[in-house]
>>> print(open('run-v9.txt').read())   # compact mmCIF, C-alpha atoms
# COMPACT_ATOMS: atom_id res chain seq x y z
CA MET A 1 11.76 91.74 63.09
CA VAL A 2 11.10 90.48 59.59
CA SER A 3 7.67 91.34 58.23
CA SER A 4 5.45 88.77 56.56
CA GLU A 5 5.52 90.71 53.27
CA TYR A 6 9.32 90.76 53.41
CA GLU A 7 9.37 87.02 54.14
CA ARG A 8 7.04 86.36 51.20
CA ARG A 9 9.33 88.25 48.85
CA ILE A 10 12.42 86.52 50.17
CA ALA A 11 10.76 83.10 49.94
CA ALA A 12 10.21 83.72 46.23
CA ARG A 13 13.88 84.54 45.82
CA PHE A 14 14.87 81.46 47.81
CA ALA A 15 12.80 79.29 45.45
CA THR A 16 14.77 80.57 42.46
CA PHE A 17 17.91 79.02 43.93
CA ASP A 18 16.35 75.78 45.23
CA GLN A 19 16.43 74.13 41.80
CA ASP A 20 15.33 70.69 43.01
CA GLY A 21 12.68 71.97 45.43
CA ASN A 22 14.00 70.00 48.41
CA GLY A 23 13.74 72.93 50.81
CA TRP A 24 17.37 74.01 50.90
CA ILE A 25 20.01 75.47 48.64
CA ASP A 26 23.17 73.45 48.19
CA ARG A 27 26.02 72.91 45.75
CA GLU A 28 23.86 70.49 43.74
CA ASP A 29 21.36 73.28 42.99
CA PHE A 30 24.13 75.34 41.41
CA SER A 31 25.39 72.32 39.47
CA ALA A 32 21.85 71.59 38.25
CA ALA A 33 21.45 75.19 37.11
CA SER A 34 24.70 74.96 35.15
CA LYS A 35 23.69 71.67 33.57
CA ALA A 36 20.30 73.07 32.56
CA VAL A 37 21.86 76.11 30.85
CA LEU A 38 24.44 73.98 29.06
CA ASN A 39 21.74 71.55 27.88
CA GLU A 40 19.59 74.41 26.60
CA PHE A 41 22.39 75.65 24.38
CA GLY A 42 23.93 72.29 23.50
CA THR A 43 27.22 73.27 25.10
CA PRO A 44 29.40 70.40 26.34
CA ALA A 45 30.26 70.46 30.04
CA ARG A 46 33.91 69.82 29.22
CA SER A 47 34.17 72.75 26.83
CA ASP A 48 35.80 76.00 27.93
CA LYS A 49 32.38 77.64 28.25
CA GLY A 50 31.01 74.66 30.17
CA GLN A 51 33.93 74.64 32.58
CA ALA A 52 33.63 78.40 33.08
CA LEU A 53 29.94 78.01 33.89
CA TYR A 54 30.56 75.23 36.42
CA GLY A 55 33.42 77.25 37.90
CA GLY A 56 31.20 80.31 38.16
CA ALA A 57 28.49 78.24 39.81
CA GLU A 58 30.97 76.89 42.35
CA ALA A 59 32.22 80.40 43.13
CA PHE A 60 28.63 81.59 43.52
CA TRP A 61 27.84 78.67 45.83
CA GLN A 62 30.94 79.27 47.94
CA GLY A 63 30.13 82.96 48.27
CA MET A 64 26.53 82.33 49.21
CA ALA A 65 27.43 79.56 51.66
CA GLY A 66 30.01 81.82 53.27
CA ILE A 67 27.35 84.44 53.89
CA ALA A 68 24.30 82.34 54.75
CA ASP A 69 25.23 78.80 55.87
CA ARG A 70 25.29 79.63 59.58
CA ASP A 71 25.54 76.03 60.85
CA GLY A 72 28.15 74.93 58.30
CA ASP A 73 26.19 71.91 57.05
CA GLN A 74 26.67 72.85 53.37
CA ARG A 75 22.95 73.57 53.04
CA ILE A 76 21.19 76.90 53.18
CA THR A 77 17.71 76.57 54.61
CA ARG A 78 14.96 79.07 53.95
CA ASP A 79 15.50 80.55 57.43
CA GLU A 80 19.24 80.86 56.85
CA PHE A 81 18.53 82.54 53.53
CA VAL A 82 15.99 84.96 54.97
CA ASN A 83 17.91 85.71 58.15
CA GLY A 84 21.38 85.39 56.67
CA ALA A 85 22.19 86.26 53.12
CA VAL A 86 19.38 88.56 52.10
CA LYS A 87 18.98 90.32 55.44
CA ARG A 88 22.68 91.21 55.43
CA LEU A 89 22.79 92.06 51.76
CA ARG A 90 19.65 94.10 51.23
CA ASP A 91 21.60 97.20 52.22
CA ASN A 92 24.50 96.19 49.95
CA PRO A 93 23.05 94.19 47.03
CA GLU A 94 26.10 94.92 44.90
CA ARG A 95 28.07 92.56 47.16
CA PHE A 96 25.73 89.68 46.33
CA ALA A 97 25.86 90.58 42.64
CA GLU A 98 29.65 90.43 42.75
CA ILE A 99 29.43 86.94 44.23
CA ALA A 100 27.16 85.98 41.35
CA ARG A 101 29.17 87.78 38.64
CA PRO A 102 31.33 84.78 37.54
CA PHE A 103 28.22 82.63 37.05
CA LEU A 104 26.27 85.40 35.32
CA HIS A 105 29.23 86.16 33.04
CA ALA A 106 29.65 82.50 32.10
CA ALA A 107 25.90 82.00 31.52
CA LEU A 108 25.87 84.97 29.14
CA ALA A 109 28.91 83.55 27.37
CA VAL A 110 27.13 80.22 26.86
CA ALA A 111 24.10 82.03 25.44
CA ASP A 112 26.15 84.43 23.30
CA ALA A 113 25.99 82.70 19.89
CA ASP A 114 27.94 85.35 17.97
CA GLY A 115 30.65 85.86 20.61
CA ASP A 116 30.22 89.63 20.88
CA GLY A 117 30.11 89.62 24.68
CA SER A 118 26.37 89.92 25.08
CA ALA A 119 23.33 87.72 24.56
CA THR A 120 20.25 88.63 22.57
CA VAL A 121 17.03 89.14 24.46
CA ASP A 122 15.80 85.79 23.10
CA GLU A 123 19.01 84.02 24.20
CA THR A 124 18.67 85.59 27.64
CA ALA A 125 15.07 84.37 27.87
CA ARG A 126 16.33 80.86 27.06
CA VAL A 127 18.81 81.06 29.95
CA LEU A 128 16.04 82.17 32.31
CA LYS A 129 13.74 79.37 31.15
CA ALA A 130 16.55 76.85 31.64
CA LEU A 131 16.85 78.13 35.20
CA GLY A 132 13.18 77.44 35.83
CA VAL A 133 11.57 80.79 35.11
CA PRO A 134 8.17 80.26 33.44
CA GLU A 135 8.25 81.14 29.73
CA HIS A 136 6.01 84.21 29.89
CA MET A 137 8.03 85.64 32.77
CA ALA A 138 11.37 84.74 31.17
CA THR A 139 10.48 86.58 27.97
CA ALA A 140 9.27 89.68 29.80
CA THR A 141 12.22 89.67 32.19
CA ALA A 142 14.76 89.30 29.40
CA ALA A 143 13.24 92.27 27.60
CA THR A 144 13.42 94.31 30.80
CA LEU A 145 17.10 93.43 31.23
CA ASP A 146 17.86 95.16 27.92
CA THR A 147 17.98 98.60 29.54
CA ASN A 148 19.52 100.39 26.56
CA ALA A 149 17.07 98.79 24.08
CA ASP A 150 19.78 97.50 21.74
CA GLY A 151 18.31 93.99 21.58
CA LYS A 152 21.18 92.61 23.66
CA VAL A 153 21.81 91.92 27.34
CA ASP A 154 25.35 92.45 28.56
CA GLU A 155 27.09 91.68 31.81
CA VAL A 156 26.61 95.15 33.27
CA GLU A 157 22.86 95.01 32.62
CA VAL A 158 22.44 91.55 34.11
CA VAL A 159 24.63 92.16 37.18
CA THR A 160 22.85 95.45 37.89
CA ALA A 161 19.45 93.76 37.59
CA PHE A 162 20.60 90.91 39.82
CA ALA A 163 21.66 93.38 42.50
CA ARG A 164 18.33 95.22 42.22
CA TYR A 165 16.40 91.94 42.54
CA PHE A 166 17.96 91.39 45.94
CA THR A 167 17.16 94.87 47.19
CA VAL A 168 14.02 94.00 49.07
CA PRO A 169 12.68 96.83 51.21
CA GLU A 170 10.69 95.92 54.28
>>> encode(input="run-v9.txt", output="structure tokens")
Amino acid sequence: MVSSEYERRIAARFATFDQDGNGWIDREDFSAASKAVLNEFGTPARSDKGQALYGGAEAFWQGMAGIADRDGDQRITRDEFVNGAVKRLRDNPERFAEIARPFLHAALAVADADGDGSATVDETARVLKALGVPEHMATATAATLDTNADGKVDEVEVVTAFARYFTVPE
């Protein structure tokens, strides 16, 4: 049985994906997230980085839908999310992070102004804000992602943090 505390935590994670707040996660939420990140950095959708981000979002959506969309309606409800994706993945969060890796990689590439393969903490905060994270939380979270304190956030740091975020003990 899923505890109420567990459900509360999972509901918060569900809300991070439901970009339009309509009560389910669908392909459009992933597209909206991509568009928001591209707009934040002034990156054209038809550019290589833009196409990589949309491709990463589609791969992320397909992976999540494959795990959680139990009725095959191309929508993941809160119940499907709680009882499907996260419940199955809390013991193996790295699997979910691997599903997200193409999107996370592409989002970092969009934010990476100097092309060195990582984004600054400020650039990372901008990505988080574009994805709907409140400014004060985005800034603090971006700083936390910089685990080696070099002022940059790389793919390993962000994928590891993403996996940890979905490790939700009951």
>>> closest_residue(input="run-v9.txt", among="A:Glu135, A:Glu98, A:Glu123, A:Asp18", to="Thr77 of chain A", atoms="all atoms listed in the file")
A:Asp18
>>> closest_residue(input="run-v9.txt", among="A:Asn39, A:Trp61, A:Arg78, A:Ala119", to="Ala12 of chain A", atoms="all atoms listed in the file")
A:Arg78
>>> atom_distance(input="run-v9.txt", atom1="atom CA of Ala149 of chain A", atom2="atom CA of His105 of chain A")
19.7 Å
>>> atom_distance(input="run-v9.txt", atom1="atom CA of Glu94 of chain A", atom2="atom CA of Thr160 of chain A")
7.7 Å
>>> residues_around(input="run-v9.txt", residues="Gly132 of chain A", least_positions_apart="5", cutoff="9 Å", atoms="all atoms listed in the file", output="PyMOL selection string")
chain A and resi 16+19+33+36+127+138
>>> write_last_selection(input="run-v9.txt", atoms="C-alpha atoms", output="compact mmCIF listing (two decimals), keeping the file's coordinate frame")
# COMPACT_ATOMS: atom_id res chain seq x y z
CA THR A 16 14.77 80.57 42.46
CA GLN A 19 16.43 74.13 41.80
CA ALA A 33 21.45 75.19 37.11
CA ALA A 36 20.30 73.07 32.56
CA VAL A 127 18.81 81.06 29.95
CA ALA A 138 11.37 84.74 31.17
>>> closest_residue(input="run-v9.txt", among="A:Gly21, A:Gly56, A:Pro134, A:Gly117", to="Val153 of chain A", atoms="only C-alpha atoms")
A:Gly117
>>> residues_around(input="run-v9.txt", residues="Met64 of chain A", least_positions_apart="3", cutoff="12 Å", atoms="all atoms listed in the file", output="ChimeraX atom specification")
/A:14,17,25-27,30,57-61,67-70,72,74-77,80-81,84-86,88-89,95-100
>>> atom_distance(input="run-v9.txt", atom1="atom CA of Glu157 of chain A", atom2="atom CA of His136 of chain A")
20.2 Å
>>> closest_residue(input="run-v9.txt", among="A:Arg101, A:Trp24, A:Arg13, A:Thr43", to="Ala65 of chain A", atoms="only C-alpha atoms")
A:Trp24
>>> closest_residue(input="run-v9.txt", among="A:Ala143, A:Ala106, A:Ala163, A:Leu131", to="Ser47 of chain A", atoms="all atoms listed in the file")
A:Ala106
>>> closest_residue(input="run-v9.txt", among="A:Asp150, A:Val158, A:Val82, A:Tyr54", to="Ala11 of chain A", atoms="all atoms listed in the file")
A:Val82
>>> axis_aligned_box(input="run-v9.txt", around="segment 125-139 of chain A", padding_each_side="6 Å", output="AutoDock Vina command-line options")
--center_x 12.4 --center_y 81.7 --center_z 31.4 --size_x 24.8 --size_y 21.7 --size_z 20.8
>>> build_atoms(input="run-v9.txt", residues="segment 61-90 of chain A", atoms="N, CA and C atoms", output="compact mmCIF listing (two decimals), keeping the file's coordinate frame")
# COMPACT_ATOMS: atom_id res chain seq x y z
N TRP A 61 28.21 79.49 44.68
CA TRP A 61 27.84 78.67 45.83
C TRP A 61 28.72 78.97 47.03
N GLN A 62 30.01 79.01 46.84
CA GLN A 62 30.94 79.27 47.94
C GLN A 62 30.67 80.63 48.58
N GLY A 63 30.43 81.63 47.74
CA GLY A 63 30.13 82.96 48.27
C GLY A 63 28.84 82.99 49.05
N MET A 64 27.81 82.35 48.51
CA MET A 64 26.53 82.33 49.21
C MET A 64 26.63 81.54 50.50
N ALA A 65 27.28 80.39 50.46
CA ALA A 65 27.43 79.56 51.66
C ALA A 65 28.21 80.32 52.73
N GLY A 66 29.22 81.05 52.31
CA GLY A 66 30.01 81.82 53.27
C GLY A 66 29.20 82.89 53.98
N ILE A 67 28.20 83.40 53.31
CA ILE A 67 27.35 84.44 53.89
C ILE A 67 26.20 83.85 54.69
N ALA A 68 25.58 82.78 54.19
CA ALA A 68 24.30 82.34 54.75
C ALA A 68 24.32 81.02 55.51
N ASP A 69 25.25 80.12 55.24
CA ASP A 69 25.23 78.80 55.87
C ASP A 69 25.76 78.92 57.30
N ARG A 70 24.89 79.33 58.20
CA ARG A 70 25.29 79.63 59.58
C ARG A 70 25.74 78.40 60.35
N ASP A 71 25.17 77.23 60.07
CA ASP A 71 25.54 76.03 60.85
C ASP A 71 26.61 75.19 60.15
N GLY A 72 27.05 75.60 58.98
CA GLY A 72 28.15 74.93 58.30
C GLY A 72 27.84 73.55 57.76
N ASP A 73 26.55 73.25 57.53
CA ASP A 73 26.19 71.91 57.05
C ASP A 73 26.17 71.79 55.53
N GLN A 74 26.64 72.81 54.83
CA GLN A 74 26.67 72.85 53.37
C GLN A 74 25.28 72.85 52.74
N ARG A 75 24.32 73.37 53.50
CA ARG A 75 22.95 73.57 53.04
C ARG A 75 22.48 74.92 53.57
N ILE A 76 21.77 75.64 52.74
CA ILE A 76 21.19 76.90 53.18
C ILE A 76 19.69 76.70 53.23
N THR A 77 19.15 76.71 54.44
CA THR A 77 17.71 76.57 54.61
C THR A 77 17.03 77.89 54.29
N ARG A 78 15.73 77.85 54.19
CA ARG A 78 14.96 79.07 53.95
C ARG A 78 15.24 80.08 55.06
N ASP A 79 15.24 79.63 56.31
CA ASP A 79 15.50 80.55 57.43
C ASP A 79 16.90 81.15 57.34
N GLU A 80 17.89 80.33 57.00
CA GLU A 80 19.24 80.86 56.85
C GLU A 80 19.29 81.89 55.72
N PHE A 81 18.56 81.61 54.66
CA PHE A 81 18.53 82.54 53.53
C PHE A 81 17.88 83.85 53.93
N VAL A 82 16.71 83.76 54.57
CA VAL A 82 15.99 84.96 54.97
C VAL A 82 16.77 85.74 56.02
N ASN A 83 17.26 85.04 57.03
CA ASN A 83 17.91 85.71 58.15
C ASN A 83 19.40 85.93 57.93
N GLY A 84 19.96 85.28 56.93
CA GLY A 84 21.38 85.39 56.67
C GLY A 84 21.67 86.23 55.46
N ALA A 85 21.72 85.61 54.34
CA ALA A 85 22.19 86.26 53.12
C ALA A 85 21.42 87.53 52.79
N VAL A 86 20.14 87.42 52.61
CA VAL A 86 19.38 88.56 52.10
C VAL A 86 19.28 89.66 53.14
N LYS A 87 19.09 89.30 54.40
CA LYS A 87 18.98 90.32 55.44
C LYS A 87 20.26 91.15 55.51
N ARG A 88 21.41 90.49 55.41
CA ARG A 88 22.68 91.21 55.43
C ARG A 88 22.95 91.97 54.15
N LEU A 89 22.43 91.48 53.05
CA LEU A 89 22.79 92.06 51.76
C LEU A 89 21.79 93.06 51.21
N ARG A 90 20.63 93.18 51.82
CA ARG A 90 19.65 94.10 51.23
C ARG A 90 20.15 95.54 51.25
